Every structure is written in C-alpha cells, then in structure tokens.
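What follows is a short report on a single structure.
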Amino acid sequence: MSLIDNDITVGEMLRKAGVSRRGFIKYCTAMASAMALPPWMGAAMAEQLRHAPRPSVIYLSFQECTGCFESLTRSFAPTIESLIFNVISLDYDDTLMAAAGDAAETALANAMKDNFGKYVLVIDGSVPTGAGGAYCTVGGRSAVDTLREAAKGAAVIICVGTCSAFGGIPFANPNPTEAWPVTAIVDDKPIINVSGCPPIAEAITGTLLQYVTTGRVPDLDEHLRPKAFFGNTIHDRCYRRPFYDEGKFAKSFDDEGARNGWCLYELGCKGPTTYNACATVKWNGGTSFPIQSGHGCLGCSEPEFWDKGSFYAAQSASEWGKAGHASPQKTLELAAGAGGLGAALGAASAGVGRLRQHRREQDTVEKQEE
Ligand code: SF4
Ligand code: SF4
Ligand code: F3S
C-alpha cells in the first residue's frame with residue numbers, strides 16, 4: 001500500500017499537483033542557495049529531479065516526541081516543501097497514514113518487500129534497548145527489531161533529529177531505557193544524520209532532494225551530517241557576530257546589552273561549537289531563529305548536547321573545536337551511479353560513527369567471551 005500514487009515520475013507528480021516548472025526551479029534554486037551551491041545548480045537540480053523516478057520512502061518513528069515530524073510537516077505551507085514530501089513515494093508512515101493495526105503492519109511489510117534494496121529509510125527517534133526493547137514496541141515488535149529488519153532492504157538511512165542521530169534526550173544521563181542512536185544498531189548501510197532538536201525542515205527536505213537528484217549520499221561531516229547544512233557553526237554566520245568581535249556582550253536577558261541585540265555568549269550561547277544552518281536558513285520560512293529571538297543557541301544539533309552542562313553558563317574557549325563524538329571516517333560508495341550533477345555536488349561518502357565502533361568492540365568482546 002502506498003500513501004500516494006507512486007507509479008509516476010517526479011515531473012508527472014508536479015504537473016498533477018499544479019506546480020509550474022518555473023515555481024519548481026525557483027524552489028530548487030533557493031535550496032541550492034541554502035546548500036551554498038552556485039545558482040545554476042538550482043536549475044540543473046530541477047531538471048534532473050523532474051525526470052527522476054520517485055523513490056520509495058519508509059518513515060519509522062521510535063522513541064521520540066514527534067517534534068521532528070512537526071518540524072517537517074509544518075514547513076511553511078502550502079509551500080513546495082510539502083510537495084517535495086509528496087514527490088517521494090511515501091509508502092509507510094505510521095503518523096500520517098490512515099491505516100492502523102494489522103493493515104498498517106501489512107503496509108510496512110509490503111513496502112519493504114516491494115522495494116527491497118531500493119527504499120530510503122527515514123528514522124525519527126532513538127532506539128531503546130533496555131528490557132529487551134520493551135520501552136518502544138509497535139504491533140508487538142520492538143523498535144530495535146523493526147529497525148534491524150527495515151535496514152536490511154534500505155538503500156540509505158536518513159536519521160531525522162538528534163534522537164535518531166545521536167541518541168538525543170532519551171540517551172542523556174541516566175538513559176533509563178538504554179537508548180542508542182541508529183548508528184549503534186546498524187553498521188552496514190550508508191547513514192545520513194540530519195540532526196537538530198528538531199532539525200530545520202529545509203535541512204530534511206534538502207537532504208532528501210539532494211539524494212533523490214543524485215542517487216548519492218552527499219558530503220558528510222565527521223558526525224555523518226550533510227556539509228551543505230552543517231558545514232558552518234551558528235557563530236560563523238550569526239548576525240550578532242560583530243558584537244562578539246567588539247566584545248559587546250549581554251550580561252542578562254533584560255539588560256541594555258540584550259535590548260541592543262549584543263552577543264549572547266556570556267548568557268550561555270553554544271553557537272561557537274554548534275554546526276547547523278539556523279543562522280542562514282532560519283525557521284518558519286526564514287522568519288527567525290533562537291538567537292534572533294533573544295535566546296542563545298543550546299547546541300541542539302550536536303551529540304550529547306543535553307549532558308554538556310548548563311545552557312546558561314558561558315562556554316570556556318577550551319571547549320571550542322571539540323567534537324562530541326570523535327568519528328572515524330569510512331567511505332561507502334552507493335550502488336547508484338552519479339551523473340555530472342552528482343559529481344559537481346561532491347564525491348559520495350558516508351561514514352560510521354564512534355558508536356558503531358563501540359558496537360563492534362562490544363561484539364568482539366562478546367565473541368571472545370563465548
Ligand atoms: Fe523530539 Fe528533539 Fe528527539 Fe526530535 S530530536 S524527537 S524534537 S526530542
Ligand atoms: Fe556567536 Fe552566539 Fe554571540 Fe551569535 S550570539 S555571535 S552565535 S556567541
Ligand atoms: Fe538548535 Fe541552536 Fe539552531 S539550539 S535550533 S542549533 S540555534
């Protein structure tokens with residue numbers, strides 16, 4: 001069962017939805033700009049995408065708060081972003097779909113069978129492993145079992161949100177459900193982490209768009225995040241940066257410095273160590289972002305952000321440049337070939353995180369003990 005008609009190309013779907021070629025090029029150009037690509041790439045992406053087959057997407061939600069999904073679905077409607085969501089073939093999503101119970105379980109089984117080896121698996125939420133996985137079960141199956149099975153037929157896995165990417169709040173001390181990120185459970189598939197608590201809607205749709213256009217995993221950073229959206233810190237692009245450079249800091253949220261829009265570093269802003277596109281893409285259709293609203297960045301797109309100390313204490317300079325998880329890089333070529341556009345977007349790569357390494361070490365220890 002598919003939530004939408006999935007036997008047509010992206011171009012045909014756009015025509016059916018009444019989206020003009022010009023409107024779609026405009027959207028792709030804006031997306032290319034957000035990804036710091038040259039303007040001509042927008043038109044090239046639009047053209048390539050129109051002829052691309054619509055990939056099957058299976059969206060699974062595990063231990064999460066639905067904030068990530070809210071971010072995605074509440075992108076500025078009725079924008080083309082929501083159409084991008086429709087130009088993929090969304091074959092299973094237990095939050096959106098009308099089916100329930102056995103019908104929903106059958107839909108998932110069919111989607112995995114019909115598109116084995118080809119589907120994009122989107123995961124939202126961490127994976128609890130305590131009590132045999134009992135903390136998160138759907139249809140009597142634990143999240144960890146469902147993930148392992150769904151991962152087998154996936155071409156790529158996109159982790160939406162800090163929970164699935166790094167464990168997020170459930171992973172924070174004392175982690176009562178023994179929650180893990182997807183990278184700790186799956187180690188044989190390309191994984192893309194679109195982190196954030198929640199992530200920016202355009203970072204999710206843009207990552208999907210880039211994958212659909214090129215058939216390749218985009219360039220990733222050491223935490224498997226697309227460099228297009230996570231290549232700079234908030235501090236690098238923050239409009240309050242001139243105040244930082246001049247040493248003008250707000251000391252409280254209601255002092256003169258705060259009223260003048262000075263830098264929030266001394267009020268705990270984690271912008272200098274946080275990689276995300278909030279300062280450029282912003283939120284709610286480019287309206288604002290936390291710092292523009294007068295609050296420092298919490299570092300929500302970084303590993304272990306919840307356990308890094310007070311949100312309101314200034315970071316010491318020694319924290320700068322430190323990675324939450326040191327991740328060994330490993331490049332996996334995807335089976336899909338890349339066209340000229342793909343090459344222009346950069347070599348396909350995917351890595352594995354420290355947690356995968358941790359898991360392999362655990363497996364080795366367990367085997368030695370057997
Ligand atoms: Fe909710 Fe944040 Fe986890 Fe997303 S990353 S599911 S917004 S707690
Ligand atoms: Fe940097 Fe935060 Fe100050 Fe902006 S408000 S300049 S991100 S420390
Ligand atoms: Fe999160 Fe900081 Fe952006 S708290 S939403 S990464 S400004």
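Numbering starts fresh at 1 for the residues of each chain in the structure tokens, the chains themselves are lettered A, B, ... in the order given, and ligands are numbered from 1 as they appear.
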Exercise for the section: Produce as a ChimeraX atom specification the set of residues near ligand 1, where near means within 10 Å with only C-alpha atoms and all ligand atoms considered. Expected result: /A:61-71,123-126,159-171,194-199,300-301
Exercise for the section: Return as a ChimeraX atom specification the residues of protein, DNA or RNA that approach ligand 2 to within 10 Å, with only C-alpha atoms and all ligand atoms taken into account. Expected result: /A:233-245,247-250,261-274,279,290-292,294-298,314-315
Problem - helix (DSSP H, G or I) positions in stretch 76-271 of chain A, given as a ChimeraX atom specification - result: /A:80-87,101-114,130-133,143-152,162-166,168-171,182-184,201-214,227-230,234-237,241-246,256-259,265-267,271
Exercise for the section: For A:Gly153, list every protein, DNA or RNA residue within 12 Å, evaluated using only C-alpha atoms, and leave out those in the same chain fewer than 5 positions away; present the list as a ChimeraX atom specification. Expected result: /A:56-58,109-121,146-148,188-190
Residues of the last selection are to be written out with N, CA and C atoms, as a short mmCIF file (atom, residue, chain, number, x, y, z; two decimals), in the first residue's frame.
data_model
loop_
_atom_site.label_atom_id
_atom_site.label_comp_id
_atom_site.auth_asym_id
_atom_site.auth_seq_id
_atom_site.Cartn_x
_atom_site.Cartn_y
_atom_site.Cartn_z
N SER A 56 10.90 5.18 -3.15
CA SER A 56 10.06 4.72 -2.04
C SER A 56 10.71 5.17 -0.73
N VAL A 57 9.90 5.73 0.14
CA VAL A 57 10.40 6.17 1.45
C VAL A 57 9.57 5.49 2.54
N ILE A 58 10.27 4.90 3.48
CA ILE A 58 9.60 4.32 4.65
C ILE A 58 10.05 5.14 5.86
N ALA A 109 5.14 -4.25 5.83
CA ALA A 109 5.74 -5.48 5.28
C ALA A 109 5.76 -5.42 3.75
N ASN A 110 4.66 -4.97 3.14
CA ASN A 110 4.59 -4.89 1.69
C ASN A 110 5.57 -3.86 1.13
N ALA A 111 5.66 -2.71 1.80
CA ALA A 111 6.56 -1.66 1.33
C ALA A 111 8.00 -2.15 1.34
N MET A 112 8.37 -2.89 2.38
CA MET A 112 9.74 -3.39 2.47
C MET A 112 9.99 -4.46 1.41
N LYS A 113 8.99 -5.33 1.19
CA LYS A 113 9.14 -6.42 0.22
C LYS A 113 9.19 -5.87 -1.21
N ASP A 114 8.24 -4.97 -1.52
CA ASP A 114 8.12 -4.48 -2.90
C ASP A 114 9.32 -3.64 -3.34
N ASN A 115 9.96 -2.99 -2.41
CA ASN A 115 11.06 -2.07 -2.77
C ASN A 115 12.39 -2.49 -2.15
N PHE A 116 12.52 -3.78 -1.89
CA PHE A 116 13.72 -4.27 -1.19
C PHE A 116 15.01 -3.82 -1.90
N GLY A 117 15.90 -3.26 -1.12
CA GLY A 117 17.18 -2.82 -1.66
C GLY A 117 17.17 -1.42 -2.24
N LYS A 118 15.96 -0.82 -2.34
CA LYS A 118 15.87 0.47 -3.04
C LYS A 118 15.32 1.60 -2.18
N TYR A 119 14.65 1.28 -1.10
CA TYR A 119 13.94 2.36 -0.40
C TYR A 119 14.85 3.20 0.49
N VAL A 120 14.38 4.43 0.70
CA VAL A 120 15.03 5.33 1.66
C VAL A 120 14.34 5.12 2.99
N LEU A 121 15.11 4.76 4.00
CA LEU A 121 14.54 4.54 5.33
C LEU A 121 14.81 5.77 6.19
N THR A 146 12.47 -3.97 14.65
CA THR A 146 11.92 -3.36 13.43
C THR A 146 13.01 -2.64 12.65
N LEU A 147 13.88 -1.91 13.37
CA LEU A 147 14.96 -1.20 12.70
C LEU A 147 15.88 -2.17 11.97
N ARG A 148 16.26 -3.24 12.66
CA ARG A 148 17.18 -4.20 12.03
C ARG A 148 16.58 -4.79 10.76
N ASP A 188 25.95 -1.48 8.47
CA ASP A 188 26.29 -1.92 7.11
C ASP A 188 25.52 -1.16 6.04
N LYS A 189 25.02 0.02 6.39
CA LYS A 189 24.29 0.84 5.42
C LYS A 189 24.80 2.28 5.47
N PRO A 190 24.72 3.00 4.35
CA PRO A 190 25.04 4.43 4.41
C PRO A 190 24.02 5.14 5.30
#
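Across stretch 76-176 of chain A, DSSP run on the backbone finds strand (DSSP E) at Ser89, Leu90, Asp91, Tyr92, Asp93, Tyr119, Val120, Leu121, Val122, Ile123, Asp124, Val127, Pro128, Thr137, Val138, Arg141, Ser142, Ala154, Ala155, Val156, Ile157, Ile158, Cys159 and Val160 of chain A.
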If you keep C-alpha atoms, can you produce a file of those selected residues as an mmCIF file, in the first residue's frame?
data_model
loop_
_atom_site.group_PDB
_atom_site.id
_atom_site.type_symbol
_atom_site.label_atom_id
_atom_site.label_comp_id
_atom_site.auth_asym_id
_atom_site.auth_seq_id
_atom_site.Cartn_x
_atom_site.Cartn_y
_atom_site.Cartn_z
ATOM 1 C CA SER A 89 6.598 7.819 -2.692
ATOM 2 C CA LEU A 90 5.831 7.741 0.997
ATOM 3 C CA ASP A 91 4.999 4.073 1.372
ATOM 4 C CA TYR A 92 4.790 3.886 5.143
ATOM 5 C CA ASP A 93 4.490 6.473 7.875
ATOM 6 C CA TYR A 119 13.943 2.356 -0.400
ATOM 7 C CA VAL A 120 15.035 5.333 1.656
ATOM 8 C CA LEU A 121 14.541 4.540 5.330
ATOM 9 C CA VAL A 122 13.879 7.604 7.471
ATOM 10 C CA ILE A 123 14.215 7.134 11.219
ATOM 11 C CA ASP A 124 12.918 9.558 13.798
ATOM 12 C CA VAL A 127 16.206 3.115 19.783
ATOM 13 C CA PRO A 128 15.708 1.830 23.337
ATOM 14 C CA THR A 137 7.063 -1.510 20.663
ATOM 15 C CA VAL A 138 4.702 -1.157 17.730
ATOM 16 C CA ARG A 141 7.621 -5.698 17.868
ATOM 17 C CA SER A 142 10.415 -3.748 19.489
ATOM 18 C CA ALA A 154 17.268 0.112 2.685
ATOM 19 C CA ALA A 155 19.479 1.812 0.109
ATOM 20 C CA VAL A 156 20.221 4.571 2.577
ATOM 21 C CA ILE A 157 19.091 5.558 6.061
ATOM 22 C CA ILE A 158 18.325 9.174 6.927
ATOM 23 C CA CYS A 159 18.200 9.874 10.662
ATOM 24 C CA VAL A 160 15.927 12.831 11.256
#
